[in-house]
Amino acid sequence: MGLLGFLIICVVVGFLVWLAITYVPMPSQFKTALPVIAILVLVAVLLIYMFGGGVSDVQIPRVR
């Protein structure tokens, strides 16, 4: 996964979080925690690919 794939994942996850917050009835604690959890998951995916994941298109810079 490269930069383009990661951006697509960010857009899809953001859209799903927006749908859940807008249309799913839930307590306010979950409405505030859901975007934070989504951001943490996206950062974890980014770190996994920066430190050794496969890249097939525009590369995400890697830390050596």
# chains A, B, ... in the order shown; residues from 1 in each chain; ligands from 1

$ residues_around --residues "Ile21 of chain A" --least-positions-apart "3" --cutoff "9 Å" --atoms "only C-alpha atoms" --output "NGL selection string"
:A and (16-18 or 24-26 or 30-32 or 34-35)

$ write_last_selection --atoms "N, CA and C atoms" --output "PDB file, in the first residue's frame"
ATOM      1  N   LEU A  16     -17.172   6.461   6.903  1.00  0.00           N
ATOM      2  CA  LEU A  16     -17.872   5.512   7.771  1.00  0.00           C
ATOM      3  C   LEU A  16     -18.067   6.080   9.174  1.00  0.00           C
ATOM      4  N   VAL A  17     -17.071   6.800   9.677  1.00  0.00           N
ATOM      5  CA  VAL A  17     -17.217   7.421  11.000  1.00  0.00           C
ATOM      6  C   VAL A  17     -18.301   8.489  10.952  1.00  0.00           C
ATOM      7  N   TRP A  18     -18.333   9.281   9.894  1.00  0.00           N
ATOM      8  CA  TRP A  18     -19.369  10.299   9.753  1.00  0.00           C
ATOM      9  C   TRP A  18     -20.762   9.668   9.694  1.00  0.00           C
ATOM     10  N   VAL A  24     -26.425   6.630  13.458  1.00  0.00           N
ATOM     11  CA  VAL A  24     -26.577   5.566  14.449  1.00  0.00           C
ATOM     12  C   VAL A  24     -26.807   6.209  15.812  1.00  0.00           C
ATOM     13  N   PRO A  25     -27.935   5.884  16.452  1.00  0.00           N
ATOM     14  CA  PRO A  25     -28.155   6.445  17.797  1.00  0.00           C
ATOM     15  C   PRO A  25     -27.213   5.785  18.805  1.00  0.00           C
ATOM     16  N   MET A  26     -26.452   6.624  19.497  1.00  0.00           N
ATOM     17  CA  MET A  26     -25.500   6.123  20.493  1.00  0.00           C
ATOM     18  C   MET A  26     -25.260   7.199  21.538  1.00  0.00           C
ATOM     19  N   PHE A  30     -19.640   7.638  23.142  1.00  0.00           N
ATOM     20  CA  PHE A  30     -19.237   6.883  21.968  1.00  0.00           C
ATOM     21  C   PHE A  30     -19.076   7.786  20.746  1.00  0.00           C
ATOM     22  N   LYS A  31     -19.911   8.819  20.674  1.00  0.00           N
ATOM     23  CA  LYS A  31     -19.798   9.754  19.549  1.00  0.00           C
ATOM     24  C   LYS A  31     -18.482  10.519  19.594  1.00  0.00           C
ATOM     25  N   THR A  32     -17.976  10.790  20.777  1.00  0.00           N
ATOM     26  CA  THR A  32     -16.692  11.488  20.865  1.00  0.00           C
ATOM     27  C   THR A  32     -15.520  10.519  20.767  1.00  0.00           C
ATOM     28  N   LEU A  34     -15.445   7.622  18.967  1.00  0.00           N
ATOM     29  CA  LEU A  34     -15.342   6.976  17.660  1.00  0.00           C
ATOM     30  C   LEU A  34     -14.329   7.657  16.730  1.00  0.00           C
ATOM     31  N   PRO A  35     -14.321   8.977  16.583  1.00  0.00           N
ATOM     32  CA  PRO A  35     -13.286   9.596  15.733  1.00  0.00           C
ATOM     33  C   PRO A  35     -11.872   9.416  16.286  1.00  0.00           C
TER      34      PRO A  35
END

$ residues_around --residues "Leu47 of chain A" --least-positions-apart "5" --cutoff "12 Å" --atoms "only C-alpha atoms" --output "list in words"
Phe6, Leu40, Val41, Leu42, Gly52, Gly53, Ile60, Pro61, Arg62 and Val63 of chain A

$ atom_distance --atom1 "atom CA of Leu3 of chain A" --atom2 "atom CA of Leu19 of chain A"
24.3 Å

$ atom_distance --atom1 "atom CA of Val43 of chain A" --atom2 "atom CA of Cys10 of chain A"
10.0 Å

$ atom_distance --atom1 "atom CA of Ala44 of chain A" --atom2 "atom CA of Leu7 of chain A"
14.1 Å

$ decode --residues "segment 3-14 of chain A" --atoms "N, CA and C atoms" --output "PDB file, in the first residue's frame"
ATOM      1  N   LEU A   3       0.979   5.714  -0.794  1.00  0.00           N
ATOM      2  CA  LEU A   3       0.329   6.945  -0.359  1.00  0.00           C
ATOM      3  C   LEU A   3      -1.097   7.042  -0.869  1.00  0.00           C
ATOM      4  N   LEU A   4      -1.305   6.681  -2.124  1.00  0.00           N
ATOM      5  CA  LEU A   4      -2.646   6.743  -2.701  1.00  0.00           C
ATOM      6  C   LEU A   4      -3.597   5.790  -1.983  1.00  0.00           C
ATOM      7  N   GLY A   5      -3.141   4.580  -1.710  1.00  0.00           N
ATOM      8  CA  GLY A   5      -3.968   3.618  -0.981  1.00  0.00           C
ATOM      9  C   GLY A   5      -4.297   4.093   0.417  1.00  0.00           C
ATOM     10  N   PHE A   6      -3.312   4.701   1.089  1.00  0.00           N
ATOM     11  CA  PHE A   6      -3.551   5.206   2.434  1.00  0.00           C
ATOM     12  C   PHE A   6      -4.562   6.351   2.425  1.00  0.00           C
ATOM     13  N   LEU A   7      -4.477   7.228   1.439  1.00  0.00           N
ATOM     14  CA  LEU A   7      -5.448   8.325   1.352  1.00  0.00           C
ATOM     15  C   LEU A   7      -6.853   7.802   1.093  1.00  0.00           C
ATOM     16  N   ILE A   8      -6.974   6.779   0.276  1.00  0.00           N
ATOM     17  CA  ILE A   8      -8.287   6.186   0.023  1.00  0.00           C
ATOM     18  C   ILE A   8      -8.837   5.566   1.300  1.00  0.00           C
ATOM     19  N   ILE A   9      -7.985   4.882   2.060  1.00  0.00           N
ATOM     20  CA  ILE A   9      -8.424   4.305   3.332  1.00  0.00           C
ATOM     21  C   ILE A   9      -8.871   5.400   4.296  1.00  0.00           C
ATOM     22  N   CYS A  10      -8.149   6.522   4.328  1.00  0.00           N
ATOM     23  CA  CYS A  10      -8.531   7.641   5.196  1.00  0.00           C
ATOM     24  C   CYS A  10      -9.904   8.188   4.829  1.00  0.00           C
ATOM     25  N   VAL A  11     -10.154   8.330   3.539  1.00  0.00           N
ATOM     26  CA  VAL A  11     -11.450   8.843   3.086  1.00  0.00           C
ATOM     27  C   VAL A  11     -12.574   7.873   3.442  1.00  0.00           C
ATOM     28  N   VAL A  12     -12.351   6.586   3.217  1.00  0.00           N
ATOM     29  CA  VAL A  12     -13.387   5.586   3.515  1.00  0.00           C
ATOM     30  C   VAL A  12     -13.662   5.520   5.014  1.00  0.00           C
ATOM     31  N   VAL A  13     -12.615   5.501   5.821  1.00  0.00           N
ATOM     32  CA  VAL A  13     -12.801   5.446   7.277  1.00  0.00           C
ATOM     33  C   VAL A  13     -13.489   6.719   7.768  1.00  0.00           C
ATOM     34  N   GLY A  14     -13.092   7.861   7.244  1.00  0.00           N
ATOM     35  CA  GLY A  14     -13.747   9.115   7.629  1.00  0.00           C
ATOM     36  C   GLY A  14     -15.219   9.139   7.268  1.00  0.00           C
TER      37      GLY A  14
END
